[in-house]
>>> print(open('structure_3.txt').read())   # compact mmCIF, C-alpha atoms
# COMPACT_ATOMS: atom_id res chain seq x y z
CA MET A 258 -74.62 13.67 -40.46
CA ILE A 259 -76.40 13.98 -37.12
CA LYS A 260 -75.41 10.40 -36.24
CA ILE A 261 -71.78 11.20 -36.98
CA LEU A 262 -71.93 14.23 -34.72
CA ILE A 263 -73.57 12.21 -31.95
CA VAL A 264 -70.89 9.49 -32.22
CA ALA A 265 -68.16 12.12 -32.23
CA LEU A 266 -69.70 13.81 -29.17
CA ILE A 267 -69.95 10.50 -27.32
CA ALA A 268 -66.34 9.69 -28.22
CA LEU A 269 -65.22 13.11 -26.99
CA VAL A 270 -67.11 12.72 -23.70
CA PHE A 271 -65.70 9.20 -23.26
CA PHE A 272 -62.19 10.46 -24.02
CA ARG A 273 -62.46 13.24 -21.46
CA LEU A 274 -63.96 11.00 -18.80
CA LEU A 275 -61.29 8.36 -19.41
CA ARG A 276 -58.54 10.97 -19.27
CA ALA A 277 -59.98 12.53 -16.09
CA PHE A 278 -60.24 9.10 -14.45
CA PHE A 279 -56.68 8.24 -15.46
CA MET A 280 -55.18 11.53 -14.27
CA ARG A 281 -57.04 11.26 -10.97
CA ASN A 282 -55.76 7.74 -10.29
CA TRP A 283 -52.39 7.32 -12.02
CA SER A 284 -50.34 8.17 -8.91
CA LYS A 285 -52.42 6.09 -6.49
CA ASP A 286 -50.59 3.04 -5.10
CA LEU A 287 -47.47 4.15 -6.95
CA GLU A 288 -44.25 3.82 -4.96
CA VAL A 289 -40.99 5.40 -6.10
CA ASP A 290 -37.66 5.23 -4.28
CA VAL A 291 -33.97 5.75 -4.95
CA THR A 292 -31.22 4.27 -2.77
CA PHE A 293 -27.44 4.32 -2.62
CA LEU A 294 -26.45 0.66 -2.41
CA GLN A 295 -23.17 1.60 -0.71
CA PRO A 296 -23.83 4.51 1.69
CA GLU A 297 -20.07 4.98 2.23
CA LEU A 298 -17.44 5.18 -0.50
CA VAL A 299 -13.90 6.45 -1.01
CA GLU A 300 -13.06 8.88 -3.81
CA GLY A 301 -12.63 7.03 -7.11
CA GLU A 302 -14.56 3.91 -6.06
CA THR A 303 -17.56 2.87 -8.14
CA GLY A 304 -20.93 3.25 -6.44
CA ARG A 305 -24.40 2.16 -7.45
CA LEU A 306 -27.76 3.83 -7.11
CA THR A 307 -31.04 1.98 -7.62
CA GLU A 308 -34.40 3.32 -8.73
CA VAL A 309 -37.34 1.15 -7.68
CA ILE A 310 -40.82 1.92 -9.08
CA THR A 311 -43.75 -0.20 -7.94
CA ASN A 312 -47.23 0.08 -9.46
CA ARG A 313 -49.54 -1.73 -7.01
CA LYS A 314 -52.80 -1.03 -8.84
CA ARG A 315 -54.27 -2.87 -11.82
CA MET A 316 -54.23 0.16 -14.09
CA SER A 317 -51.28 0.32 -16.48
CA LEU A 318 -49.11 3.40 -16.83
CA PRO A 319 -48.14 4.02 -20.47
CA MET A 320 -45.34 6.43 -19.53
CA ILE A 321 -43.99 8.03 -16.39
CA LYS A 322 -40.86 10.12 -16.03
CA VAL A 323 -38.84 9.93 -12.80
CA ALA A 324 -36.72 13.03 -12.16
CA PHE A 325 -34.26 13.78 -9.36
CA GLN A 326 -30.96 15.55 -8.92
CA THR A 327 -27.56 14.64 -7.50
CA ALA A 328 -24.35 16.59 -7.00
CA ARG A 329 -22.24 17.04 -10.12
CA GLU A 330 -19.30 15.44 -8.28
CA LEU A 331 -21.07 12.08 -8.66
CA ILE A 332 -20.18 11.18 -12.23
CA PHE A 333 -22.89 9.07 -13.90
CA GLU A 334 -22.83 7.73 -17.43
CA LYS A 335 -24.35 10.25 -19.82
CA LYS A 336 -27.98 9.49 -20.67
CA ASN A 337 -30.53 11.04 -22.99
CA GLY A 338 -32.58 13.64 -21.16
CA SER A 339 -30.08 14.16 -18.35
CA THR A 340 -28.43 17.55 -17.89
CA THR A 341 -25.56 18.89 -15.81
CA THR A 342 -25.25 22.39 -14.33
CA ASP A 343 -24.22 22.82 -10.71
CA GLN A 344 -26.26 19.65 -10.17
CA PHE A 345 -26.80 16.53 -12.29
CA TYR A 346 -30.46 16.19 -13.27
CA HIS A 347 -31.66 12.63 -13.95
CA ASN A 348 -34.68 11.96 -16.16
CA ASP A 349 -35.64 8.31 -16.55
CA ILE A 350 -38.70 7.10 -18.47
CA PHE A 351 -40.68 3.98 -17.56
CA GLY A 352 -43.76 2.21 -18.94
CA MET A 353 -45.50 -0.10 -16.46
CA SER A 354 -48.22 -2.71 -16.41
CA GLY A 355 -50.57 -3.13 -13.47
CA GLY A 356 -48.91 -4.79 -10.47
CA GLU A 357 -45.43 -4.43 -11.98
CA ARG A 358 -42.22 -3.53 -10.18
CA VAL A 359 -39.22 -2.13 -12.05
CA THR A 360 -35.69 -1.80 -10.68
CA ARG A 361 -32.97 0.12 -12.50
CA THR A 362 -29.37 0.38 -11.31
CA LEU A 363 -27.12 3.32 -12.18
CA SER A 364 -23.34 3.26 -11.70
CA PHE A 365 -21.35 6.34 -10.78
CA VAL A 366 -17.89 7.37 -9.62
CA PRO A 367 -17.45 10.18 -7.05
CA SER A 368 -14.78 12.63 -8.21
CA HIS A 369 -14.48 14.42 -4.85
CA PHE A 370 -15.03 13.59 -1.21
CA GLY A 371 -18.10 15.03 0.45
CA TYR A 372 -21.49 14.47 2.04
CA TYR A 373 -24.15 14.10 -0.66
CA ARG A 374 -27.94 13.97 -0.47
CA ILE A 375 -30.90 13.15 -2.67
CA ASN A 376 -33.69 15.16 -1.14
CA GLY A 377 -36.98 14.42 -2.87
CA LEU A 378 -37.86 13.38 -6.40
CA GLU A 379 -40.60 14.11 -8.91
CA VAL A 380 -42.64 11.82 -11.12
CA ILE A 381 -44.48 13.06 -14.21
CA GLY A 382 -47.42 10.96 -15.35
CA TYR A 383 -48.89 11.07 -18.87
CA ASP A 384 -52.41 10.08 -19.84
CA LEU A 385 -53.23 7.23 -22.22
CA PHE A 386 -53.18 9.52 -25.25
CA PHE A 387 -50.13 11.60 -24.18
CA THR A 388 -52.23 14.77 -24.34
CA GLN A 389 -51.94 15.72 -20.65
CA LYS A 390 -49.35 15.34 -17.91
CA GLU A 391 -49.24 15.83 -14.15
CA LEU A 392 -46.40 16.17 -11.66
CA GLN A 393 -46.31 14.35 -8.34
CA SER A 394 -43.63 14.88 -5.67
CA PHE A 395 -42.32 12.06 -3.49
CA ASP A 396 -40.49 12.46 -0.18
CA VAL A 397 -37.08 10.82 -0.39
CA ASP A 398 -34.03 11.53 1.75
CA ARG A 399 -30.92 9.51 0.94
CA THR A 400 -27.37 10.34 1.99
CA LEU A 401 -23.95 9.26 0.77
CA TYR A 402 -20.58 9.67 2.48
CA VAL A 403 -17.60 9.88 0.14
CA TYR A 404 -14.41 9.71 2.17
CA PRO A 405 -11.23 11.48 1.09
CA LYS A 406 -8.72 9.11 -0.46
CA PRO A 407 -5.68 9.05 1.85
CA PHE A 408 -2.90 11.13 0.37
CA HIS A 409 0.05 9.14 -0.94
CA THR A 410 3.34 10.20 -2.52
CA GLU A 411 6.83 8.82 -2.06
CA LYS A 412 7.79 11.95 -0.14
CA PHE A 413 4.81 11.67 2.21
CA ALA A 414 5.59 7.97 2.81
CA PHE A 415 9.15 8.99 3.70
CA TYR A 416 7.89 11.59 6.17
CA LEU A 417 5.63 8.98 7.78
CA ARG A 418 8.58 6.62 8.21
CA GLN A 419 10.45 9.44 9.94
CA LEU A 420 7.45 9.96 12.19
CA ASN A 421 7.44 6.23 13.03
CA GLY A 422 10.79 6.50 14.76
CA GLU A 423 9.62 9.35 16.96
CA ILE A 424 6.41 7.54 17.86
CA ILE A 425 8.14 4.21 18.62
CA THR A 426 10.63 5.92 20.91
CA SER A 427 7.77 7.68 22.68
CA LYS A 428 5.68 4.49 23.00
CA MET A 429 8.57 2.45 24.40
CA ALA A 430 9.00 5.07 27.08
CA SER A 431 5.32 5.18 27.99
CA GLU A 432 3.97 1.63 27.64
CA ASP A 433 3.28 -0.35 30.80
CA PRO A 434 4.63 -3.91 30.31
CA PHE A 435 2.10 -5.26 32.82
CA GLU A 436 -1.01 -3.71 31.18
CA PHE A 437 -2.26 -6.05 28.42
CA ARG A 438 -4.60 -4.49 25.83
CA GLY A 439 -4.81 -7.09 23.06
CA ILE A 440 -3.13 -8.80 20.14
CA ARG A 441 -2.95 -7.55 16.56
CA GLU A 442 -1.17 -8.18 13.26
CA TYR A 443 2.54 -7.35 13.11
CA GLN A 444 3.39 -4.17 11.22
CA PRO A 445 6.82 -3.23 9.78
CA TYR A 446 7.24 -0.43 12.33
CA ASP A 447 6.72 -2.76 15.34
CA ASP A 448 9.60 -3.61 17.68
CA MET A 449 10.60 -7.29 17.39
CA ARG A 450 10.47 -7.53 21.18
CA SER A 451 6.69 -6.96 21.06
CA ILE A 452 6.03 -10.13 19.00
CA ASN A 453 3.78 -12.61 20.78
CA TRP A 454 5.38 -15.92 19.74
CA LYS A 455 2.63 -18.06 21.24
CA ALA A 456 -0.09 -16.30 19.24
CA THR A 457 2.18 -16.35 16.17
CA ALA A 458 2.58 -20.15 16.44
CA LYS A 459 -1.19 -20.66 16.70
CA THR A 460 -2.10 -18.51 13.71
CA GLY A 461 0.94 -18.87 11.48
CA ASP A 462 1.13 -15.09 11.13
CA LEU A 463 3.25 -12.68 13.13
CA LYS A 464 1.29 -11.20 16.04
CA VAL A 465 2.26 -8.48 18.50
CA THR A 466 1.09 -7.81 22.04
CA GLN A 467 -0.42 -4.39 22.64
CA LYS A 468 0.16 -2.69 25.97
CA ASN A 469 -1.74 0.14 27.56
CA PRO A 470 0.24 3.38 27.82
CA THR A 471 1.07 4.73 31.25
CA SER A 472 0.63 8.30 30.01
CA SER A 473 -2.19 10.01 28.14
CA LYS A 474 0.07 11.20 25.33
CA GLU A 475 -1.77 11.52 22.04
CA MET A 476 -1.33 12.78 18.50
CA ARG A 477 -3.20 15.89 17.41
CA ILE A 478 -3.92 16.77 13.79
CA ILE A 479 -4.67 20.46 13.28
CA LEU A 480 -6.04 21.01 9.79
CA ASN A 481 -5.87 24.68 8.81
CA LEU A 482 -8.06 25.31 5.75
CA GLU A 483 -8.02 29.09 5.91
CA ASP A 484 -7.33 30.51 2.44
CA GLU A 485 -6.65 34.24 2.53
CA GLY A 486 -4.98 34.70 -0.85
CA ILE A 487 -6.49 36.47 -3.84
CA ARG A 488 -6.02 33.33 -5.92
CA LYS A 489 -7.86 30.57 -4.12
CA LYS A 490 -6.10 27.24 -3.65
CA GLU A 491 -9.08 24.93 -3.98
CA ASP A 492 -7.10 21.90 -5.18
CA GLN A 493 -4.47 22.33 -2.47
CA ILE A 494 -7.17 22.73 0.20
CA SER A 495 -8.71 19.43 -0.91
CA ASP A 496 -5.30 17.76 -0.80
CA CYS A 497 -4.81 19.05 2.75
CA VAL A 498 -7.92 17.09 3.73
CA ARG A 499 -6.52 13.99 2.00
CA VAL A 500 -3.24 14.41 3.88
CA ALA A 501 -5.23 14.54 7.14
CA ALA A 502 -6.95 11.26 6.16
CA GLY A 503 -3.64 9.58 5.31
CA LEU A 504 -1.96 10.81 8.48
CA ALA A 505 -4.85 9.74 10.71
CA GLN A 506 -4.94 6.31 9.08
CA HIS A 507 -1.21 5.86 9.70
CA LEU A 508 -1.34 7.01 13.33
CA ILE A 509 -4.35 4.88 14.23
CA LYS A 510 -2.76 1.80 12.65
CA MET A 511 0.19 2.41 14.97
CA GLY A 512 -2.16 2.37 17.94
CA MET A 513 -1.86 6.08 18.70
CA LYS A 514 -4.74 8.02 20.19
CA THR A 515 -5.48 10.61 17.50
CA ALA A 516 -7.52 13.81 17.60
CA LEU A 517 -8.61 16.06 14.72
CA TYR A 518 -9.18 19.82 14.85
CA THR A 519 -10.06 21.99 11.87
CA ASN A 520 -11.36 25.50 11.23
CA ALA A 521 -13.78 24.43 8.48
CA THR A 522 -17.43 23.97 9.41
CA ASP A 523 -19.48 20.79 9.39
CA VAL A 524 -22.25 20.87 6.75
CA ILE A 525 -24.70 19.35 9.23
CA SER A 526 -23.91 20.99 12.59
CA ARG A 527 -22.64 24.29 11.07
CA LYS A 528 -19.93 24.27 13.75
CA THR A 529 -16.18 23.96 13.32
CA ALA A 530 -15.27 20.29 13.07
CA THR A 531 -13.55 18.44 15.91
CA VAL A 532 -13.02 14.75 16.66
CA GLU A 533 -11.71 14.00 20.13
CA ALA A 534 -8.76 11.64 20.60
CA ASN A 535 -9.41 7.91 20.43
CA ILE A 536 -8.09 4.75 18.75
CA GLY A 537 -9.41 1.86 16.67
CA THR A 538 -11.06 1.31 13.29
CA GLY A 539 -14.31 2.85 14.52
CA HIS A 540 -12.43 6.04 15.35
CA MET A 541 -10.90 6.14 11.86
CA ARG A 542 -14.40 5.88 10.41
CA GLU A 543 -15.51 8.78 12.60
CA ILE A 544 -12.61 10.92 11.35
CA CYS A 545 -13.36 10.04 7.72
CA ARG A 546 -17.03 10.92 8.15
CA GLN A 547 -16.07 14.25 9.68
CA LEU A 548 -13.64 15.02 6.86
CA ALA A 549 -16.34 14.16 4.31
CA ARG A 550 -18.73 16.62 5.96
CA LEU A 551 -16.34 19.59 5.81
CA ASN A 552 -17.90 22.53 4.03
CA LEU A 553 -15.14 23.67 1.68
CA LYS A 554 -17.46 26.06 -0.17
CA GLU A 555 -17.68 28.37 2.83
CA LYS A 556 -14.81 30.42 4.17
CA ALA A 557 -12.93 28.71 6.99
CA GLN A 558 -12.74 30.42 10.37
CA PRO A 559 -9.51 32.32 11.22
CA ALA A 560 -6.88 29.95 12.61
CA LYS A 561 -6.15 32.25 15.55
CA ASP A 562 -9.80 32.12 16.63
CA CYS A 563 -10.20 28.33 16.28
CA PHE A 564 -6.81 27.14 17.44
CA GLY A 565 -5.75 30.00 19.71
CA ALA A 566 -6.50 28.14 22.95
CA LEU A 567 -4.68 25.00 21.74
CA MET A 568 -1.66 27.03 20.67
CA CYS A 569 -1.27 28.77 24.03
CA GLU A 570 -1.01 25.60 26.11
CA THR A 571 2.07 23.56 26.87
CA THR A 572 1.53 19.86 26.20
CA GLU A 573 3.37 16.56 25.89
CA ASN A 574 1.22 15.69 22.89
CA MET A 575 2.77 15.69 19.42
CA THR A 576 0.92 18.03 17.04
CA CYS A 577 0.83 17.74 13.26
CA PHE A 578 -0.28 20.87 11.44
CA ILE A 579 -1.52 20.66 7.86
CA SER A 580 -1.82 23.81 5.76
CA CYS A 581 -1.17 25.05 2.22
CA ASN A 582 -0.90 28.67 3.31
CA ALA A 583 1.97 30.40 5.11
CA TYR A 584 0.38 33.76 5.84
CA PRO A 585 1.87 35.76 8.73
CA GLU A 586 -0.98 35.22 11.22
CA PHE A 587 -0.61 31.44 10.96
CA THR A 588 3.19 31.32 11.09
CA GLN A 589 3.11 33.63 14.11
CA LEU A 590 0.87 31.11 15.88
CA LEU A 591 3.39 28.37 15.09
CA LYS A 592 6.22 30.46 16.51
CA GLN A 593 4.26 30.98 19.74
CA TYR A 594 3.63 27.25 19.91
CA LYS A 595 7.33 26.53 19.41
CA ASN A 596 8.35 29.10 22.03
CA ALA A 597 6.10 27.32 24.53
CA GLY A 598 8.35 24.26 24.13
CA ASN A 599 5.89 22.11 22.18
CA GLU A 600 6.71 19.39 19.64
CA PHE A 601 5.13 19.77 16.24
CA ILE A 602 5.39 19.05 12.51
CA TRP A 603 3.95 21.25 9.77
CA TYR A 604 2.99 19.48 6.54
CA TYR A 605 3.12 22.35 4.06
CA LEU A 606 1.49 21.71 0.68
CA ILE A 607 2.66 23.70 -2.33
CA LYS A 608 2.47 23.36 -6.10
CA HIS A 609 5.49 22.33 -8.10
CA GLY A 610 7.45 25.44 -8.99
CA ASP A 611 6.16 27.56 -6.10
CA LEU A 612 8.71 29.34 -3.94
CA VAL A 613 9.06 28.32 -0.29
CA GLU A 614 9.28 31.38 1.93
CA ILE A 615 9.31 30.13 5.50
CA ASP A 616 11.00 31.73 8.49
CA ASP A 617 14.25 29.94 9.41
CA VAL A 618 12.91 29.46 12.93
CA LEU A 619 10.14 27.20 11.61
CA MET A 620 12.03 25.33 8.85
CA PRO A 621 13.21 22.45 11.11
CA HIS A 622 9.53 21.61 11.70
CA VAL A 623 8.36 21.93 8.09
CA LYS A 624 7.71 18.93 5.80
CA ILE A 625 7.10 20.20 2.27
CA LEU A 626 4.70 18.25 0.07
CA LYS A 627 4.64 19.23 -3.59
CA ILE A 628 1.45 18.46 -5.50
>>> encode(input="structure_3.txt", output="C-alpha cells")
Amino acid sequence: MIKILIVALIALVFFRLLRAFFMRNWSKDLEVDVTFLQPELVEGETGRLTEVITNRKRMSLPMIKVAFQTARELIFEKKNGSTTTDQFYHNDIFGMSGGERVTRTLSFVPSHFGYYRINGLEVIGYDLFFTQKELQSFDVDRTLYVYPKPFHTEKFAFYLRQLNGEIITSKMASEDPFEFRGIREYQPYDDMRSINWKATAKTGDLKVTQKNPTSSKEMRIILNLEDEGIRKKEDQISDCVRVAAGLAQHLIKMGMKTALYTNATDVISRKTATVEANIGTGHMREICRQLARLNLKEKAQPAKDCFGALMCETTENMTCFISCNAYPEFTQLLKQYKNAGNEFIWYYLIKHGDLVEIDDVLMPHVKILKI
C-alpha cells in the first residue's frame, strides 16, 4: 500500500512539474500572424486572409487556439466556434509538432466599403493533459481598404453622357494645341480630331493626343452626407458615396482635374475629408482611399459650416453636388451658389416612391437618382 502511495505521489509530482514546465515554455519561440493578402478591395470582391503559426522550438503543442476579431462587414464562411455580434470573432484550433509551420487561408467578401483593422490577437495554449490553459497576446496591426463600388444605373449613365457634352465643349475651348501632355487610349467621348493617327498605326489601337489646358478649370465634387431627418437614410448615404466614386472615376478618365469635398470625417485624421484637385490613376486611388475612410457612424458636420466658404465664391469650375437630403439649409446654400452665377449639378438620391419636393429655381440643376 505504501509503495502504491509513493508511486502515486511521484506521478503527481512529475505531472505537476511537467505541466509547469510546459506552461512556462509553450509560448516561447511561437510566432503568430494574420495578413490580408489583398490590402485593397472593392465592395463585393473576394478577399483572402492568412493565418501563419510557426513553432520554432522542439516541444510539440497539442492544442492552441488562435482568436482575433474582424468587422462584421467582412463576411467569412461560418465556422464552428466563431461568433458574430458587432464584430466577427474568429476561433481557430491548431495542433503543432516541434519546428512546424502552419498556414491557413480564409476567404471573405466585404459587404460594405470602409477602412478595416485587425488590431492584436490572442492565443490560448493548453497543457499536455488539457487540464490547464493560458492566454498570450500578440501585437498585430493589419489594415484593409475596401473601396466603394462605383454607382451604376442606366439613369446615372445617361446623366454622365449629358455631362460629357458639357465637358468636351469646355475642354475644346481651353486646351492649348501646342502643349503636348501625352497619348492615351481612345474613349467614346473623345473628339475624332484628337486621334493621333501615327500612334494608332504603330499600336493598332485608336490613340488620342492629350493637350494641356490653358486654364485651371476643374471639376469639384461636393459630397453632402448630413442626415437631419428623424428616420436615418443609411442606405442612401452609402449610395451617395458610391455615386461620388462613380462620378470621380468618369471625370478622371476624361482627363479632368477633380477635387473632392465632404462633411464626413476621416476615421484616421478625425478631420473632414478633402482631396485636392488632380488627375491620373494615382489620384483616383487617393479619392477611393479617402471615401473608404469616411466615418459614416458619426454625424456629419453641417453643410453650411463645411462648404460655406466654397459656396460664397464665384468660380469657373463646374461643381457636382451629391446629397440624399433636401432640407432647407442645404437648398438655401444651393440658391446662393446659383445666384453667384456658378455652374453646378445636384445628384439627388431618393427611394422609389418618394416625393420630390424641390424649389422650381433649383430643378434645372437637379438630376434625380432613384435607388
>>> residues_around(input="structure_3.txt", residues="Leu401 (chain A)", least_positions_apart="2", cutoff="10 Å", atoms="all atoms listed in the file", output="JSON, numbers by chain")
{"A": [292, 293, 294, 295, 296, 297, 298, 304, 371, 372, 373, 374, 375, 399, 403, 404, 549]}
>>> residues_around(input="structure_3.txt", residues="Glu334 (chain A)", least_positions_apart="4", cutoff="9 Å", atoms="all atoms listed in the file", output="ChimeraX atom specification")
/A:363-365
>>> residues_around(input="structure_3.txt", residues="region 351-354 of chain A", least_positions_apart="3", cutoff="12 Å", atoms="only C-alpha atoms", output="number ranges by chain")
A: 283, 287, 289, 308-324, 348, 357-361, 380-385
>>> closest_residue(input="structure_3.txt", among="A:Ser368, A:Asp349, A:Asn596, A:Val524", to="Thr303 (chain A)", atoms="only C-alpha atoms")
A:Ser368
>>> residues_around(input="structure_3.txt", residues="Ile525 (chain A)", least_positions_apart="6", cutoff="10 Å", atoms="all atoms listed in the file", output="list in words")
Tyr372, Arg550, Leu551 and Asn552 of chain A
>>> atom_distance(input="structure_3.txt", atom1="CA of Gln419 (chain A)", atom2="CA of Glu483 (chain A)")
27.3 Å
>>> residues_around(input="structure_3.txt", residues="region 580-582 of chain A", least_positions_apart="3", cutoff="8 Å", atoms="all atoms listed in the file", output="ChimeraX atom specification")
/A:480-484,490,493-494,497,603-607
>>> atom_distance(input="structure_3.txt", atom1="CA of Met575 (chain A)", atom2="CA of Ile602 (chain A)")
8.1 Å
>>> atom_distance(input="structure_3.txt", atom1="CA of Lys489 (chain A)", atom2="CA of Ala583 (chain A)")
13.5 Å
